[in-house]
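Source file: protein.cif; contents: mmCIF, C-alpha atoms and all ligand atoms.
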data_start
loop_
_atom_site.label_atom_id
_atom_site.label_comp_id
_atom_site.auth_asym_id
_atom_site.auth_seq_id
_atom_site.Cartn_x
_atom_site.Cartn_y
_atom_site.Cartn_z
CA MET A 284 -22.21 6.04 44.61
CA ILE A 285 -20.87 8.39 47.25
CA ILE A 286 -18.20 10.71 46.00
CA THR A 287 -15.99 12.01 48.75
CA GLY A 288 -13.37 14.69 48.57
CA LYS A 289 -13.35 17.85 46.58
CA TYR A 290 -14.86 18.46 43.17
CA PRO A 291 -13.99 17.12 40.66
CA ALA A 292 -13.56 13.53 41.81
CA LEU A 293 -12.65 12.37 38.39
CA ARG A 294 -9.61 13.96 36.81
CA LEU A 295 -8.74 12.43 33.45
CA ARG A 296 -5.47 14.32 33.60
CA ARG A 297 -4.27 11.98 36.39
CA THR A 298 -3.26 9.17 34.05
CA ARG A 299 -1.68 11.70 31.68
CA LYS A 300 0.67 13.04 34.32
CA TYR A 301 3.63 10.71 33.80
CA GLU A 302 5.15 9.18 30.72
CA TRP A 303 4.96 5.67 32.28
CA SER A 304 1.30 6.05 33.05
CA ARG A 305 0.49 7.39 29.59
CA ARG A 306 2.16 4.28 28.22
CA LEU A 307 0.19 2.12 30.63
CA VAL A 308 -3.23 3.29 29.50
CA ARG A 309 -2.37 3.68 25.82
CA GLU A 310 -5.13 2.17 23.69
CA ASN A 311 -3.21 1.66 20.46
CA ASN A 312 0.40 0.98 19.62
CA LEU A 313 2.49 1.16 16.52
CA SER A 314 5.23 -1.38 15.87
CA THR A 315 7.34 -2.35 12.90
CA ASN A 316 4.90 -5.27 12.41
CA ASP A 317 2.41 -2.68 11.18
CA LEU A 318 4.57 -1.33 8.38
CA ILE A 319 4.63 -2.34 4.72
CA LEU A 320 7.45 -0.86 2.67
CA PRO A 321 6.82 0.08 -0.99
CA ILE A 322 9.83 -0.11 -3.33
CA PHE A 323 10.07 1.25 -6.87
CA ILE A 324 12.18 -0.87 -9.21
CA VAL A 325 13.95 0.21 -12.40
CA GLU A 326 15.88 -1.74 -15.05
CA GLY A 327 19.68 -1.41 -15.11
CA LYS A 328 22.70 -1.71 -12.84
CA ASN A 329 23.63 0.25 -9.73
CA LYS A 330 20.79 2.71 -10.20
CA LYS A 331 19.24 4.93 -7.54
CA ILE A 332 17.12 7.47 -9.35
CA PRO A 333 15.36 10.30 -7.50
CA ILE A 334 11.65 10.86 -8.12
CA ALA A 335 10.85 14.53 -8.67
CA SER A 336 7.51 14.54 -6.88
CA MET A 337 8.51 12.27 -3.99
CA PRO A 338 11.37 13.73 -1.95
CA ASP A 339 13.85 11.11 -0.59
CA ILE A 340 12.19 8.26 -2.50
CA TYR A 341 14.11 6.53 -5.30
CA ARG A 342 13.78 3.96 -8.02
CA TYR A 343 16.30 1.18 -7.48
CA SER A 344 17.80 -1.36 -9.85
CA ILE A 345 17.55 -4.97 -8.68
CA ASP A 346 21.19 -5.13 -7.53
CA ARG A 347 20.47 -2.23 -5.15
CA VAL A 348 17.35 -3.87 -3.72
CA ASP A 349 19.40 -6.33 -1.69
CA LYS A 350 20.52 -3.65 0.76
CA ILE A 351 16.98 -2.37 1.27
CA ILE A 352 15.61 -5.84 1.92
CA SER A 353 18.35 -6.76 4.35
CA LYS A 354 17.65 -3.53 6.27
CA ALA A 355 13.91 -4.27 6.21
CA VAL A 356 14.52 -7.78 7.53
CA ASN A 357 16.69 -6.40 10.35
CA LEU A 358 14.03 -3.85 11.20
CA LYS A 359 11.42 -6.63 11.30
CA ILE A 360 9.30 -5.07 8.56
CA PRO A 361 7.06 -8.00 7.55
CA LEU A 362 6.30 -7.12 3.94
CA VAL A 363 7.55 -5.13 0.96
CA ALA A 364 5.37 -4.01 -1.97
CA LEU A 365 7.07 -3.85 -5.37
CA PHE A 366 6.21 -1.35 -8.12
CA PRO A 367 7.96 -1.19 -11.50
CA TYR A 368 9.14 1.72 -13.60
CA ILE A 369 8.83 0.19 -17.04
CA ASN A 370 10.98 1.36 -19.90
CA GLN A 371 8.80 3.42 -22.30
CA LYS A 372 9.86 1.14 -25.16
CA LEU A 373 8.26 -1.85 -23.44
CA LYS A 374 4.89 -0.16 -22.94
CA ASN A 375 2.09 -0.83 -25.40
CA TYR A 376 -1.66 -0.56 -25.79
CA ASN A 377 -2.46 -3.85 -24.04
CA GLY A 378 0.35 -3.78 -21.48
CA SER A 379 1.78 -7.10 -22.64
CA GLU A 380 5.01 -6.72 -20.64
CA ALA A 381 2.89 -7.42 -17.54
CA LEU A 382 2.70 -11.04 -18.72
CA ASN A 383 6.40 -11.50 -19.32
CA LYS A 384 7.49 -14.13 -16.79
CA ASN A 385 10.85 -12.46 -16.67
CA ASN A 386 9.71 -8.86 -16.31
CA LEU A 387 11.16 -6.46 -13.78
CA ILE A 388 8.73 -7.37 -11.01
CA CYS A 389 9.07 -11.13 -11.52
CA LYS A 390 12.86 -10.87 -11.60
CA THR A 391 12.93 -8.79 -8.43
CA THR A 392 10.51 -11.10 -6.65
CA SER A 393 12.46 -14.24 -7.43
CA TYR A 394 15.71 -12.51 -6.48
CA ILE A 395 14.32 -11.53 -3.06
CA LYS A 396 12.68 -14.90 -2.42
CA LYS A 397 15.82 -16.85 -3.36
CA LYS A 398 17.98 -14.78 -1.08
CA TYR A 399 15.67 -14.16 1.86
CA GLY A 400 13.15 -17.03 1.77
CA ASN A 401 10.42 -16.52 4.33
CA LYS A 402 12.25 -13.89 6.36
CA ILE A 403 10.13 -11.28 4.63
CA GLY A 404 7.02 -11.27 2.45
CA VAL A 405 6.78 -9.89 -1.08
CA MET A 406 3.62 -8.30 -2.41
CA CYS A 407 3.04 -7.48 -6.08
CA ASP A 408 0.48 -5.15 -7.59
CA VAL A 409 -1.85 -6.59 -10.20
CA ALA A 410 -2.94 -3.92 -12.69
CA LEU A 411 -1.72 -2.85 -16.10
CA ASP A 412 -1.03 0.86 -15.62
CA PRO A 413 2.78 0.68 -15.38
CA TYR A 414 2.75 -1.33 -18.63
CA THR A 415 0.19 0.41 -20.87
CA SER A 416 0.91 3.25 -23.28
CA HIS A 417 -2.29 5.01 -22.11
CA GLY A 418 -1.64 4.65 -18.36
CA HIS A 419 -4.91 2.86 -17.57
CA ASP A 420 -5.17 -0.22 -15.36
CA GLY A 421 -7.00 -2.26 -17.97
CA ILE A 422 -7.56 -2.98 -21.64
CA MET A 423 -8.98 0.02 -23.46
CA LYS A 424 -11.32 -0.05 -26.45
CA ASN A 425 -13.00 3.01 -27.93
CA GLY A 426 -12.17 4.94 -24.80
CA GLU A 427 -13.71 2.31 -22.51
CA ILE A 428 -11.87 0.13 -20.00
CA LEU A 429 -13.08 -3.41 -20.65
CA ASN A 430 -13.82 -5.40 -17.51
CA ASP A 431 -13.82 -9.08 -18.44
CA GLU A 432 -11.11 -8.83 -21.09
CA THR A 433 -8.91 -7.09 -18.55
CA ILE A 434 -9.45 -9.85 -16.00
CA ASP A 435 -8.20 -12.47 -18.50
CA ILE A 436 -4.92 -10.58 -18.61
CA LEU A 437 -4.77 -9.92 -14.87
CA ILE A 438 -5.09 -13.66 -14.22
CA LYS A 439 -2.02 -14.26 -16.35
CA GLN A 440 -0.17 -11.42 -14.65
CA SER A 441 -1.02 -12.93 -11.24
CA LEU A 442 0.19 -16.37 -12.30
CA ALA A 443 3.47 -14.93 -13.56
CA GLN A 444 3.99 -13.19 -10.22
CA ALA A 445 3.02 -16.28 -8.21
CA ASN A 446 5.38 -18.32 -10.34
CA ALA A 447 8.20 -15.92 -9.43
CA GLY A 448 7.50 -16.56 -5.75
CA CYS A 449 5.22 -13.66 -4.85
CA ASP A 450 3.58 -14.21 -1.44
CA ILE A 451 0.74 -11.71 -1.70
CA ILE A 452 -1.03 -10.86 -4.94
CA ALA A 453 -2.66 -7.44 -4.66
CA PRO A 454 -5.08 -6.57 -7.46
CA SER A 455 -5.31 -2.77 -7.59
CA ASP A 456 -7.25 -2.55 -10.86
CA MET A 457 -10.84 -2.34 -9.51
CA MET A 458 -12.37 -4.58 -12.20
CA ASP A 459 -15.56 -6.35 -11.06
CA GLY A 460 -15.20 -10.02 -10.19
CA ARG A 461 -11.45 -10.32 -10.49
CA ILE A 462 -10.79 -11.68 -7.00
CA LYS A 463 -12.81 -14.84 -7.61
CA LEU A 464 -11.26 -15.53 -10.99
CA ILE A 465 -7.71 -14.87 -9.80
CA ARG A 466 -8.30 -17.09 -6.72
CA ASN A 467 -9.59 -19.90 -8.95
CA ALA A 468 -6.65 -19.61 -11.30
CA LEU A 469 -4.13 -19.60 -8.44
CA ASP A 470 -5.72 -22.68 -6.89
CA LYS A 471 -5.81 -24.54 -10.17
CA ASN A 472 -2.15 -23.83 -10.77
CA ASN A 473 -0.91 -25.08 -7.45
CA PHE A 474 -0.63 -21.70 -5.78
CA LYS A 475 -3.15 -22.45 -3.04
CA ASN A 476 -1.09 -20.71 -0.40
CA VAL A 477 -0.53 -17.48 -2.27
CA GLN A 478 -2.49 -14.81 -0.42
CA LEU A 479 -4.86 -12.29 -1.98
CA LEU A 480 -4.92 -8.73 -0.71
CA SER A 481 -7.66 -6.95 -2.55
CA TYR A 482 -7.51 -3.24 -3.16
CA ALA A 483 -11.23 -3.51 -2.42
CA VAL A 484 -11.85 0.14 -1.64
CA LYS A 485 -9.82 2.24 -4.00
CA PHE A 486 -11.06 5.72 -4.67
CA ALA A 487 -10.47 7.74 -7.85
CA SER A 488 -8.13 10.12 -6.06
CA SER A 489 -5.84 13.00 -6.91
CA PHE A 490 -3.56 11.83 -4.11
CA TYR A 491 -1.98 9.29 -6.51
CA GLY A 492 -0.23 11.95 -8.61
CA PRO A 493 3.34 11.45 -7.34
CA PHE A 494 3.04 7.64 -7.66
CA ARG A 495 2.15 7.99 -11.34
CA ASP A 496 5.28 10.07 -11.72
CA ALA A 497 7.26 7.34 -9.92
CA VAL A 498 6.06 4.54 -12.23
CA GLY A 499 6.24 6.77 -15.31
CA SER A 500 2.54 6.80 -16.20
CA LYS A 501 1.73 10.38 -15.24
CA ASN A 502 2.12 12.00 -18.64
CA LEU A 503 0.62 9.04 -20.46
CA LEU A 504 -2.72 8.85 -18.69
CA VAL A 505 -5.63 9.54 -21.00
CA GLY A 506 -8.60 10.95 -19.08
CA ASP A 507 -9.19 9.71 -15.53
CA LYS A 508 -9.96 6.44 -13.74
CA LYS A 509 -13.45 7.29 -12.53
CA THR A 510 -15.20 4.52 -14.47
CA TYR A 511 -13.46 1.87 -12.37
CA GLN A 512 -12.07 3.48 -9.22
CA MET A 513 -14.67 4.55 -6.65
CA ASP A 514 -16.37 7.90 -6.22
CA TYR A 515 -14.85 9.38 -3.08
CA SER A 516 -18.25 10.55 -1.84
CA ASN A 517 -19.33 6.98 -1.06
CA ASN A 518 -19.13 4.82 2.02
CA ASP A 519 -21.99 2.30 1.57
CA GLU A 520 -20.50 1.35 -1.76
CA ALA A 521 -17.16 0.73 -0.05
CA LEU A 522 -18.84 -1.82 2.20
CA ARG A 523 -20.44 -3.50 -0.81
CA GLU A 524 -17.04 -3.76 -2.50
CA VAL A 525 -15.54 -5.33 0.61
CA ALA A 526 -18.45 -7.77 1.04
CA LEU A 527 -18.05 -8.94 -2.55
CA ASP A 528 -14.29 -9.36 -2.34
CA ILE A 529 -14.55 -11.35 0.88
CA LYS A 530 -17.11 -13.63 -0.76
CA GLU A 531 -14.81 -14.02 -3.75
CA GLY A 532 -11.91 -15.12 -1.55
CA ALA A 533 -9.87 -12.10 -0.46
CA ASP A 534 -7.65 -12.82 2.56
CA MET A 535 -7.23 -9.13 3.36
CA VAL A 536 -8.72 -5.90 2.06
CA MET A 537 -7.27 -2.49 1.48
CA VAL A 538 -8.62 1.02 1.83
CA LYS A 539 -6.84 3.63 -0.26
CA PRO A 540 -5.94 6.51 0.06
CA GLY A 541 -5.43 6.63 3.81
CA LEU A 542 -5.72 9.80 5.85
CA PRO A 543 -8.75 11.35 4.11
CA TYR A 544 -10.54 7.99 4.43
CA LEU A 545 -10.13 7.04 8.10
CA ASP A 546 -13.92 6.93 8.42
CA VAL A 547 -14.06 4.26 5.71
CA ILE A 548 -11.34 2.21 7.40
CA LYS A 549 -13.32 2.32 10.62
CA SER A 550 -16.58 1.27 9.05
CA VAL A 551 -14.95 -1.55 7.09
CA LYS A 552 -13.32 -2.85 10.27
CA GLU A 553 -16.53 -2.55 12.26
CA ASN A 554 -18.57 -4.36 9.63
CA PHE A 555 -16.15 -7.11 8.62
CA LYS A 556 -13.77 -8.99 10.85
CA ILE A 557 -11.02 -9.23 8.28
CA PRO A 558 -7.48 -7.78 8.17
CA VAL A 559 -7.71 -4.23 6.87
CA ILE A 560 -4.67 -2.63 5.29
CA ALA A 561 -4.47 1.14 4.87
CA TYR A 562 -2.42 2.73 2.11
CA GLN A 563 -0.91 6.09 3.00
CA VAL A 564 -0.42 7.02 -0.63
CA SER A 565 2.17 9.04 -2.49
CA GLY A 566 0.31 12.38 -2.35
CA GLU A 567 -0.05 12.07 1.41
CA TYR A 568 3.65 11.24 1.67
CA SER A 569 4.73 14.23 -0.41
CA LEU A 570 2.43 16.68 1.38
CA ILE A 571 3.72 15.60 4.78
CA THR A 572 7.35 15.49 3.68
CA ASN A 573 7.28 18.89 2.01
CA SER A 574 5.67 20.48 5.06
CA ILE A 575 8.36 19.00 7.29
CA LYS A 576 11.15 20.10 4.94
CA LYS A 577 9.74 23.63 4.89
CA GLY A 578 9.79 23.65 8.68
CA LEU A 579 6.04 24.16 8.87
CA VAL A 580 5.52 21.13 11.09
CA ASP A 581 7.66 18.79 13.16
CA GLU A 582 8.40 15.35 11.74
CA LYS A 583 6.52 13.84 14.68
CA ILE A 584 3.39 14.29 12.53
CA ILE A 585 4.45 11.15 10.65
CA PHE A 586 4.07 9.04 13.76
CA GLU A 587 0.81 10.76 14.64
CA SER A 588 -0.60 10.10 11.17
CA LEU A 589 0.36 6.41 11.37
CA MET A 590 -1.22 6.01 14.79
CA SER A 591 -4.48 7.39 13.40
CA PHE A 592 -4.62 4.39 11.06
CA LYS A 593 -4.27 2.05 14.00
CA ARG A 594 -6.95 3.91 15.94
CA ALA A 595 -9.30 3.66 12.96
CA GLY A 596 -8.81 -0.10 12.88
CA SER A 597 -6.09 -0.86 10.32
CA ASN A 598 -3.99 -3.93 10.89
CA ALA A 599 -1.10 -2.56 8.87
CA ILE A 600 -0.15 0.42 6.75
CA ILE A 601 1.59 0.67 3.42
CA THR A 602 3.66 3.81 3.82
CA TYR A 603 6.66 5.41 2.13
CA PHE A 604 7.77 6.33 5.67
CA ALA A 605 8.11 2.64 6.62
CA GLU A 606 11.90 2.48 6.78
CA LYS A 607 12.33 5.82 8.53
CA ILE A 608 9.68 5.04 11.14
CA ALA A 609 10.90 1.48 11.69
CA LYS A 610 14.34 2.88 12.54
CA LYS A 611 12.83 5.35 15.00
CA LEU A 612 10.69 2.65 16.57
CA GLN A 613 13.74 0.42 16.97
CA LYS A 614 15.56 3.24 18.77
CA ASN A 615 12.41 4.19 20.63
CA SER A 616 12.92 7.76 19.52
CA PHE A 617 9.44 9.01 18.85
C1 LIG B 701 -1.86 1.10 -9.78
C2 LIG B 701 -1.63 1.75 -8.46
C3 LIG B 701 -1.74 3.11 -8.12
C4 LIG B 701 -1.30 3.19 -6.79
C5 LIG B 701 -0.99 1.90 -6.35
N1 LIG B 701 -1.23 1.01 -7.40
C6 LIG B 701 -2.06 4.31 -8.91
C7 LIG B 701 -3.35 4.46 -9.58
O1 LIG B 701 -4.30 3.70 -9.38
O2 LIG B 701 -3.45 5.38 -10.40
C8 LIG B 701 -1.18 4.47 -6.02
C9 LIG B 701 -0.20 4.46 -4.89
C10 LIG B 701 0.23 5.79 -4.39
O3 LIG B 701 -0.26 6.85 -4.80
O4 LIG B 701 1.12 5.78 -3.53
N2 LIG B 701 -3.11 0.68 -10.10
#
Can I see the file as C-alpha cells?
Amino acid sequence: MIITGKYPALRLRRTRKYEWSRRLVRENNLSTNDLILPIFIVEGKNKKIPIASMPDIYRYSIDRVDKIISKAVNLKIPLVALFPYINQKLKNYNGSEALNKNNLICKTTSYIKKKYGNKIGVMCDVALDPYTSHGHDGIMKNGEILNDETIDILIKQSLAQANAGCDIIAPSDMMDGRIKLIRNALDKNNFKNVQLLSYAVKFASSFYGPFRDAVGSKNLLVGDKKTYQMDYSNNDEALREVALDIKEGADMVMVKPGLPYLDVIKSVKENFKIPVIAYQVSGEYSLITNSIKKGLVDEKIIFESLMSFKRAGSNAIITYFAEKIAKKLQKNSF
C-alpha cells in the first residue's frame, strides 16, 4: 500500500471531530429498551417511604405503583422487577409468606397485569430472604442452608407468582438445580410461556448492603451467604453456572453485581449466545448517587456506567437509575 501525503496518514481523531460523526461510528448504543426498573413494594395505603441507604429510592404501596408503571410504559421501559418489604410480623424461620398466593408481590403483579396487560413485563424474584426471620435465601437447619428442601419451597413460590401473572420468574437464591425443577413445575402447571431469568452468576458481594436495608433483611441476616452465592475471585465457575442453567432451561442469565464484574459479563457473552442481563446493584447505585450529590463527579457518569454494560455484552441492565435515564434518553439530553 502506498501512503501519500504527510505523516501520519491515519488520524483516528478525524472521526471524533464532529458530534454527527461520533454518532455515526458509535459501536454501542443505550436505549430505554435496555433498562429494567426495580420497584420496592410495601403494605399499606398511599405510602412512599424513603430508604436510608438509597437516596431518592422509595418503597411504594400498591396504590402508588400505578403512577410508576404508567410512566415506565410511556418511557418504553420493557420490564419492571418487584421486590417486597415484608412486615416483620409476617417473617418466620421458613419464610412461609413467600407461598401466600395473596402476598404483597402476587397482589402487585396481578394489579399491574390487570391494568397494563402486555404493555410492560413484570419480573419477580424467587428467593426467601425478604420473608425469613434470619435473612437467608433458603431454609436453614443447624446453621446450614438446605439445598433440596429450599427448592421445594421455591417451586411453590414460583407457581404463586406465575399464577398472579408474573411474566419472568427470576430465581436469585443460588441453590443447585433449581432452574430445571422450577421449569418442570411451570410446564406441568400450564405456565409454559412464563420465562425464566436465572441469577446464574451471583457473587457473595458487599455491594448488596443497601438492598438488604430496602427489603428489611439487613439487621436480620445471620452470618453471610458465601455457602451459596459465588466466590468473587472466580470466573471459570461463573461459566459452569451459566452452562448448567442453560441446560436446565434458563431463557436468560444474569450477572450480578455489575460494574466490578464487567469481565464476567464479557466472558459469559462470548461463551454463550444467550441474553445476558447485568444487575447494577444497590451498592453501586448508592456509591454513584452519593458521589454526584457531593459534587465529586458529574451525573454523566451514570450514562457512562450503563454504556460499559452494553460494551461488555449485556442485553439489558437492571438499574435503580432506569427511570431517570429513560427520561434523559427520551429528551436526548445526555
Ligand atoms: C435476594 C436478592 C438480593 C438482591 C437481589 N435479590 C440480595 C441478596 O442476595 O442478599 C440484591 C440487589 C441489590 O443489591 O440491588 N436474593
Exercise. Residues within 10 Å of ligand LIG 701 (chain B) should be enumerated using all atoms listed in the file and returned as a ChimeraX atom specification.
Key: /A:321,337,364-366,407-413,418-421,453-457,482,485-498,500-501,504,507-508,511-512,539-541,562-569,601-603
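For the set A:Leu469, A:Ile600, A:Ile322, A:Val505, the residue with the smallest atom-to-atom gap to A:Ile345 is A:Ile322, counting only C-alpha atoms.
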Practice problem: For A:Glu606, please output as a PyMOL selection string all residues within 10 Å (counting only C-alpha atoms; exclusion window: fewer than 5 positions along the same chain). | Solution: chain A and resi 315+318-321+351+354-355+358+360+611-612
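Counting only C-alpha atoms and comparing A:Lys390, A:Lys439, A:Arg294, A:Arg306, the residue that lies closest to A:Val325 is A:Lys390.
The spacing separating atom CA of A:Ile434 from atom CA of A:Ile403 amounts to 28.5 Å.
For the atom pair formed by atom CA of A:Asn383 and atom CA of A:Tyr414, the distance is 10.8 Å, given to one decimal.
If you measure from each of A:Val525, A:Ile436, A:Leu442, A:Ala561 to A:Gly378 using only C-alpha atoms, the closest one turns out to be A:Ile436.
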Exercise. Please provide the set of residues having any atom within 10 Å of A:Gln444, restricted to only C-alpha atoms, with same-chain residues fewer than 4 positions apart removed, written as a count of residues only.
Key: 23
Practice problem: Find the residues around A:Lys549 up to 8 Å (all atoms listed in the file counted), leave out those fewer than 6 positions away in its own chain, and share them as a PyMOL selection string. | Solution: chain A and resi 595-597
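Atom CA of A:Met590 is found 17.5 Å from atom CA of A:Lys614.
Of the residues listed (A:Val536, A:Leu527, A:Ile428, A:Val356), A:Val356 shows the shortest atom-to-atom separation from A:Gly400; distances use only C-alpha atoms.
Proximity ranking of A:Ala445, A:Leu437, A:Ile560, A:Val308 relative to A:Asn472 places A:Ala445 first, based on only C-alpha atoms.
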Quiz item: Which is closer to A:Ala468 than all the others in A:Ala483, A:Met535, A:Ala443, A:Val580, using all atoms listed in the file?
Solution: A:Ala443
Exercise. Find the residues around A:Tyr376 up to 9 Å (only C-alpha atoms counted), leave out those fewer than 5 positions away in its own chain, and share them as number ranges by chain.
Key: A: 414-417, 422-423
